[in-house]
Number of protein chains: 2
Amino acid sequence: MESRLVGPVRIVGVGLLGTSVGLGLRNRGIETILADASPTNLSIAIDYGAGRAALPGDAPQLIVVCVPPDVTAEIVARELEAFPDAIVTDVASVKLAPLAELRERGADVSRYIGSHPMAGREKGGPLAGRADLFIGRPWVVAAHGGISYQKANAIDDLILDLGAVLVEMTPEDHDRGVALVSHVPQVISTILGRQLSNAANASLNLAGQGVRDMTRLAASDPDLWVQILGANAAPVREILVAYREDLDRFIDALAEPTAPGARRKLAEEMIGGNAGVARLPGKHGQDRTFASMIVMIDDTPGQLARLLHEIGEIGVNLEDLRLEHSPGAQIGLVEISVLPEVVSRLTEELAARGWRIAG
Amino acid sequence: MESRLVGPVRIVGVGLLGTSVGLGLRNRGIETILADASPTNLSIAIDYGAGRAALPGDAPQLIVVCVPPDVTAEIVARELEAFPDAIVTDVASVKLAPLAELRERGADVSRYIGSHPMAGREKGGPLAGRADLFIGRPWVVAAHGGISYQKANAIDDLILDLGAVLVEMTPEDHDRGVALVSHVPQVISTILGRQLSNAANASLNLAGQGVRDMTRLAASDPDLWVQILGANAAPVREILVAYREDLDRFIDALAEPTAPGARRKLAEEMIGGNAGVARLPGKHGQDRTFASMIVMIDDTPGQLARLLHEIGEIGVNLEDLRLEHSPGAQIGLVEISVLPEVVSRLTEELAARGWRIAG
């Protein structure tokens, strides 16, 4: 597949995202120019193959600003001014605030369109960058009225060249969407994480997969999240206020759990949760539900490989897989998701091969 | 290994847990007697091999009551009376309320000790039962002063015969512990799930692994959870009230995100979340942290098996594994956790074999 972009593409900020954009575009043979406030990061990213250093007379077709949310608008404005023929985008995880700040600054937003790749890693920095970081991930283009369709083309090409899935939204819809599916879950997880701070060790030893899943996000980088939450404060706050209303109802119902109606209230909340989570689209962007089963394996090298090899022989494709270790036991539980129609055949065939199906 | 229990063991309630206890004990050659208010469930569990029907003159050594929390104390009291020589335990996920109710009823608690296996499945009913459901799982014995050490032995034997890991706690400590690591995470997830009810489809399409992990519990059974929350209302409410205080601080800080101190407040909350989640013990009950890496695979049968086979050849043991599908792409991302010291060797060797390491 040929590259859509002509290039060169200038990348400002070579952390995880900027370096990944550079590596991905270099893989497609597109010339990339790197810039970063940190000379150390810049030289690492260059050595890593993400692009070359800037030169006087560079005339980039497209500039991708990959800096923290707090300084995104400032850097975008500077780039728009320095390169009057270039189209500029950014990758910050909020879209309304940078656009508003650019307009306030009087920047030429007819050449700017914000975007946001829904990709990331727990690690940051140029060495965490990967050419294939964006493959298959949604990449939002936050359209605004001030830029022409033709000019926005370069950004669409960038996204398609990097293998991402283009999603068009207004900046408002984007910010509301990420508040709901990313920023609020982060806050909720952080608060739950805080509740563990003063817990007895004996309580923590009872922890299973549930609380682990619920607090994984709580380990996120505070600096980055202070910026994100600050820049998307209104939509995040709005959902948190609605969240608090539900929480208050729980707290009230639990104050007198035997009072008339308390149980009904709790049931209504639980059913509401069932209904909400059922709206999340399926793994392949479909609503199809998969069936899951649990297979026990010894916790030794090669066991899981043998299991999956045999599932392959049986001709079943796994939709999802999770490996869970039993606390204190040298046994692994493999939870596999498959199409519902193959469950009984797979169970039979695996059992016949001697696998212990735990459910 | 020989069975520790003499038997017979009477199991009252043959849902998921009761049937699993029966199947597990039958595997150890112990005689099991089944009882259930539903004749249909009883006959399914008997056909399934979990035990035999009760007969006049049965003299069980031990009785395991596996009924919903709401009726646990009533059934335990009935069993204590009907079998004056038997030791009785239950498996309800709250421990203080049944004990208090038994004392109120004047039951002979010198032969009762509550317990709680930290095992379950999303499915219920006798056919969801598995002989190995408890293997490697913590099983709490909620000691109380009214039962002698010798009498409690039968319950310890039950737990060890089923392959679970015995954990001794007071009923108070148990209920506080499960409030923190199980009941509050359930409430938090349910409320987050509710927030998705009125969301735009476009927002939901941006959902990644974070919000999915955070709302998985929201799909739980409302009936069961109304009973659990009702029976453990005070400890759950206490943590939810502390949770609400943290939430209020977030909401306040987000009301004026540019006010002096707002950022510092957000940062303190985020750092508190980091510190709390770091206290969760590691997968094997240790505090050891594993390193993770992501490998890309084609979404076809056998690919994951080949990867894991090769990891086995390289001689590396996986500590954890997760398979994630990219939305809209026929590509799977396999996140594997390994000991930190093997990461660089594994990365090199997998890359040399042609695997694409995405991070």
# chains A, B, ... in the order shown; residues from 1 in each chain; ligands from 1
$ interface_residues --of "chain A" --to "chain B" --cutoff "6 Å" --atoms "only C-alpha atoms" --output "PyMOL selection string"
chain A and resi 130+136+177+181+185+190+193-194+196-197+203-204+207+211+213-214+218-219+222+226+230+233+237+251+254+257+266-267+270+272-274+276-277+280+284-285+301-302+305+308-309+312+317+320-323+326-329+358
$ write_last_selection --atoms "C-alpha atoms" --output "tab-separated table (two decimals), in the first residue's frame"
chain	number	residue	atom	x	y	z
A	130	ARG	CA	6.55	1.95	18.53
A	136	GLY	CA	-6.26	-0.50	14.48
A	177	GLY	CA	-16.82	11.26	24.91
A	181	VAL	CA	-14.91	6.61	28.63
A	185	PRO	CA	-12.98	6.12	34.79
A	190	THR	CA	-7.90	6.85	41.52
A	193	GLY	CA	-7.08	3.27	44.84
A	194	ARG	CA	-6.89	5.86	47.63
A	196	LEU	CA	-6.70	1.02	49.78
A	197	SER	CA	-4.10	3.28	51.40
A	203	SER	CA	-8.09	-7.16	53.74
A	204	LEU	CA	-5.77	-6.63	50.80
A	207	ALA	CA	-8.15	-9.00	46.65
A	211	VAL	CA	-10.51	-4.82	42.57
A	213	ASP	CA	-9.22	-4.35	37.30
A	214	MET	CA	-10.90	-1.46	39.09
A	218	ALA	CA	-5.06	4.43	39.56
A	219	ALA	CA	-1.36	3.78	38.82
A	222	PRO	CA	-0.27	12.24	38.07
A	226	VAL	CA	-3.63	16.87	36.25
A	230	GLY	CA	-7.71	20.55	34.18
A	233	ALA	CA	-12.78	20.02	33.72
A	237	ARG	CA	-17.16	17.44	36.48
A	251	ILE	CA	-25.21	5.65	50.65
A	254	LEU	CA	-27.29	1.52	52.92
A	257	PRO	CA	-30.88	-1.33	54.61
A	266	LEU	CA	-30.44	-0.92	45.57
A	267	ALA	CA	-31.95	-3.23	42.95
A	270	MET	CA	-27.78	-2.52	40.11
A	272	GLY	CA	-29.16	0.48	35.87
A	273	GLY	CA	-25.52	-0.63	35.94
A	274	ASN	CA	-26.39	-3.79	34.00
A	276	GLY	CA	-25.36	0.83	31.00
A	277	VAL	CA	-22.49	-1.60	30.60
A	280	LEU	CA	-20.44	-0.82	25.32
A	284	HIS	CA	-14.63	-5.93	17.12
A	285	GLY	CA	-16.85	-2.90	17.30
A	301	PRO	CA	6.59	-22.82	30.66
A	302	GLY	CA	4.95	-24.28	27.60
A	305	ALA	CA	1.32	-22.78	24.45
A	308	LEU	CA	-3.52	-22.83	22.57
A	309	HIS	CA	-1.86	-25.05	20.01
A	312	GLY	CA	-5.83	-24.12	17.09
A	317	ASN	CA	-10.40	-18.90	17.10
A	320	ASP	CA	-10.16	-13.00	24.06
A	321	LEU	CA	-7.91	-14.65	26.58
A	322	ARG	CA	-6.91	-13.93	30.14
A	323	LEU	CA	-4.45	-15.78	32.29
A	326	SER	CA	-4.39	-18.56	41.78
A	327	PRO	CA	-2.95	-16.92	44.87
A	328	GLY	CA	-0.46	-19.21	46.54
A	329	ALA	CA	-0.95	-22.03	44.04
A	358	ALA	CA	-12.98	-25.24	35.37
$ select_by_dssp --residues "range 143-227 of chain B" --states "strand (DSSP E)" --output "short mmCIF file (atom, residue, chain, number, x, y, z; two decimals) with N, CA, C and O atoms, in the first residue's frame"
data_model
loop_
_atom_site.label_atom_id
_atom_site.label_comp_id
_atom_site.auth_asym_id
_atom_site.auth_seq_id
_atom_site.Cartn_x
_atom_site.Cartn_y
_atom_site.Cartn_z
N VAL B 165 -7.10 -22.30 49.88
CA VAL B 165 -6.09 -21.80 50.82
C VAL B 165 -6.82 -21.21 52.02
O VAL B 165 -7.55 -20.23 51.89
N LEU B 166 -6.62 -21.82 53.19
CA LEU B 166 -7.34 -21.41 54.39
C LEU B 166 -6.82 -20.07 54.91
O LEU B 166 -5.62 -19.88 55.08
N VAL B 167 -7.75 -19.14 55.16
CA VAL B 167 -7.39 -17.84 55.72
C VAL B 167 -8.27 -17.62 56.95
O VAL B 167 -9.50 -17.63 56.83
N GLU B 168 -7.67 -17.44 58.12
CA GLU B 168 -8.47 -17.20 59.33
C GLU B 168 -8.64 -15.71 59.59
O GLU B 168 -7.67 -14.95 59.55
N MET B 169 -9.85 -15.28 59.82
CA MET B 169 -10.15 -13.88 60.13
C MET B 169 -11.35 -13.86 61.07
O MET B 169 -12.16 -14.77 61.06
#
$ atom_distance --atom1 "CA of Asn41 in chain A" --atom2 "CA of Gly15 in chain A"
7.6 Å
$ residues_around --residues "Ile75 in chain B" --least-positions-apart "4" --cutoff "9 Å" --atoms "only C-alpha atoms" --output "VMD selection string"
chain B and resid 12 65 67 71 79 to 80
$ write_last_selection --atoms "C-alpha atoms" --output "compact mmCIF listing (two decimals), in the first residue's frame"
# COMPACT_ATOMS: atom_id res chain seq x y z
CA VAL B 12 -27.76 -27.60 51.49
CA VAL B 65 -25.01 -24.39 53.76
CA VAL B 67 -27.86 -20.67 50.01
CA VAL B 71 -31.71 -17.07 54.09
CA GLU B 79 -29.71 -27.68 60.11
CA LEU B 80 -28.15 -27.24 63.57
$ residues_around --residues "Gly114 in chain A" --least-positions-apart "5" --cutoff "7 Å" --atoms "only C-alpha atoms" --output "ChimeraX atom specification"
/A:89-91,95,141-142
$ write_last_selection --atoms "all heavy atoms" --output "PDB file, in the first residue's frame"
ATOM      1  N   THR A  89      -1.504  19.764  13.148  1.00  0.00           N
ATOM      2  CA  THR A  89      -2.431  19.040  14.029  1.00  0.00           C
ATOM      3  C   THR A  89      -1.737  18.797  15.363  1.00  0.00           C
ATOM      4  O   THR A  89      -0.545  19.079  15.514  1.00  0.00           O
ATOM      5  CB  THR A  89      -2.907  17.712  13.401  1.00  0.00           C
ATOM      6  OG1 THR A  89      -3.974  17.172  14.203  1.00  0.00           O
ATOM      7  CG2 THR A  89      -1.780  16.678  13.327  1.00  0.00           C
ATOM      8  N   ASP A  90      -2.489  18.318  16.340  1.00  0.00           N
ATOM      9  CA  ASP A  90      -1.891  17.933  17.622  1.00  0.00           C
ATOM     10  C   ASP A  90      -2.530  16.616  18.037  1.00  0.00           C
ATOM     11  O   ASP A  90      -3.465  16.150  17.377  1.00  0.00           O
ATOM     12  CB  ASP A  90      -2.127  19.007  18.693  1.00  0.00           C
ATOM     13  CG  ASP A  90      -3.569  19.023  19.147  1.00  0.00           C
ATOM     14  OD1 ASP A  90      -4.454  19.250  18.278  1.00  0.00           O
ATOM     15  OD2 ASP A  90      -3.851  18.797  20.333  1.00  0.00           O
ATOM     16  N   VAL A  91      -2.032  16.029  19.105  1.00  0.00           N
ATOM     17  CA  VAL A  91      -2.543  14.723  19.539  1.00  0.00           C
ATOM     18  C   VAL A  91      -3.004  14.753  21.000  1.00  0.00           C
ATOM     19  O   VAL A  91      -3.119  13.711  21.639  1.00  0.00           O
ATOM     20  CB  VAL A  91      -1.475  13.615  19.359  1.00  0.00           C
ATOM     21  CG1 VAL A  91      -1.117  13.450  17.888  1.00  0.00           C
ATOM     22  CG2 VAL A  91      -0.237  13.904  20.195  1.00  0.00           C
ATOM     23  N   LYS A  95      -9.678  18.468  23.197  1.00  0.00           N
ATOM     24  CA  LYS A  95      -9.690  19.139  21.907  1.00  0.00           C
ATOM     25  C   LYS A  95     -10.295  20.531  21.923  1.00  0.00           C
ATOM     26  O   LYS A  95      -9.945  21.370  21.088  1.00  0.00           O
ATOM     27  CB  LYS A  95     -10.420  18.270  20.843  1.00  0.00           C
ATOM     28  CG  LYS A  95      -9.740  16.947  20.582  1.00  0.00           C
ATOM     29  CD  LYS A  95      -8.626  16.976  19.526  1.00  0.00           C
ATOM     30  CE  LYS A  95      -7.420  17.813  19.771  1.00  0.00           C
ATOM     31  NZ  LYS A  95      -6.351  17.177  20.552  1.00  0.00           N
ATOM     32  N   VAL A 141     -10.502  12.862  14.629  1.00  0.00           N
ATOM     33  CA  VAL A 141     -10.226  14.158  14.018  1.00  0.00           C
ATOM     34  C   VAL A 141     -11.343  15.092  14.464  1.00  0.00           C
ATOM     35  O   VAL A 141     -12.519  14.825  14.220  1.00  0.00           O
ATOM     36  CB  VAL A 141     -10.170  14.061  12.487  1.00  0.00           C
ATOM     37  CG1 VAL A 141     -10.081  15.444  11.866  1.00  0.00           C
ATOM     38  CG2 VAL A 141      -8.982  13.207  12.064  1.00  0.00           C
ATOM     39  N   ALA A 142     -10.950  16.152  15.181  1.00  0.00           N
ATOM     40  CA  ALA A 142     -11.935  17.038  15.785  1.00  0.00           C
ATOM     41  C   ALA A 142     -12.190  18.214  14.847  1.00  0.00           C
ATOM     42  O   ALA A 142     -11.571  19.272  14.956  1.00  0.00           O
ATOM     43  CB  ALA A 142     -11.457  17.510  17.151  1.00  0.00           C
TER      44      ALA A 142
END
$ residues_around --residues "Tyr48 in chain A" --least-positions-apart "6" --cutoff "9 Å" --atoms "only C-alpha atoms" --output "list in words"
Thr19, Leu23, Pro126 and Leu127 of chain A
$ write_last_selection --atoms "C-alpha atoms" --output "PDB file, in the first residue's frame"
ATOM      1  CA  THR A  19       8.340   9.067  18.424  1.00  0.00           C
ATOM      2  CA  LEU A  23       8.719   5.577  13.441  1.00  0.00           C
ATOM      3  CA  PRO A 126      10.939   8.258  23.096  1.00  0.00           C
ATOM      4  CA  LEU A 127      12.162   4.718  23.794  1.00  0.00           C
TER       5      LEU A 127
END
$ select_by_dssp --residues "range 34-239 of chain A" --states "alpha helix (DSSP H)" --output "PyMOL selection string"
chain A and resi 39-47+69-82+96-104+149-161+171-178+184-195+201-204+209-215+222-231+233-239
$ residues_around --residues "Ile147 in chain B" --least-positions-apart "4" --cutoff "12 Å" --atoms "only C-alpha atoms" --output "PyMOL selection string"
chain B and resi 87-89+99+108-114+142-143+151-155
$ atom_distance --atom1 "CA of Gly146 in chain B" --atom2 "CA of Ile33 in chain B"
26.8 Å
$ atom_distance --atom1 "CA of Ala54 in chain A" --atom2 "CA of Gln150 in chain A"
26.4 Å
$ residues_around --residues "Val9 in chain A" --least-positions-apart "6" --cutoff "8 Å" --atoms "only C-alpha atoms" --output "PyMOL selection string"
chain A and resi 30-33+60-64
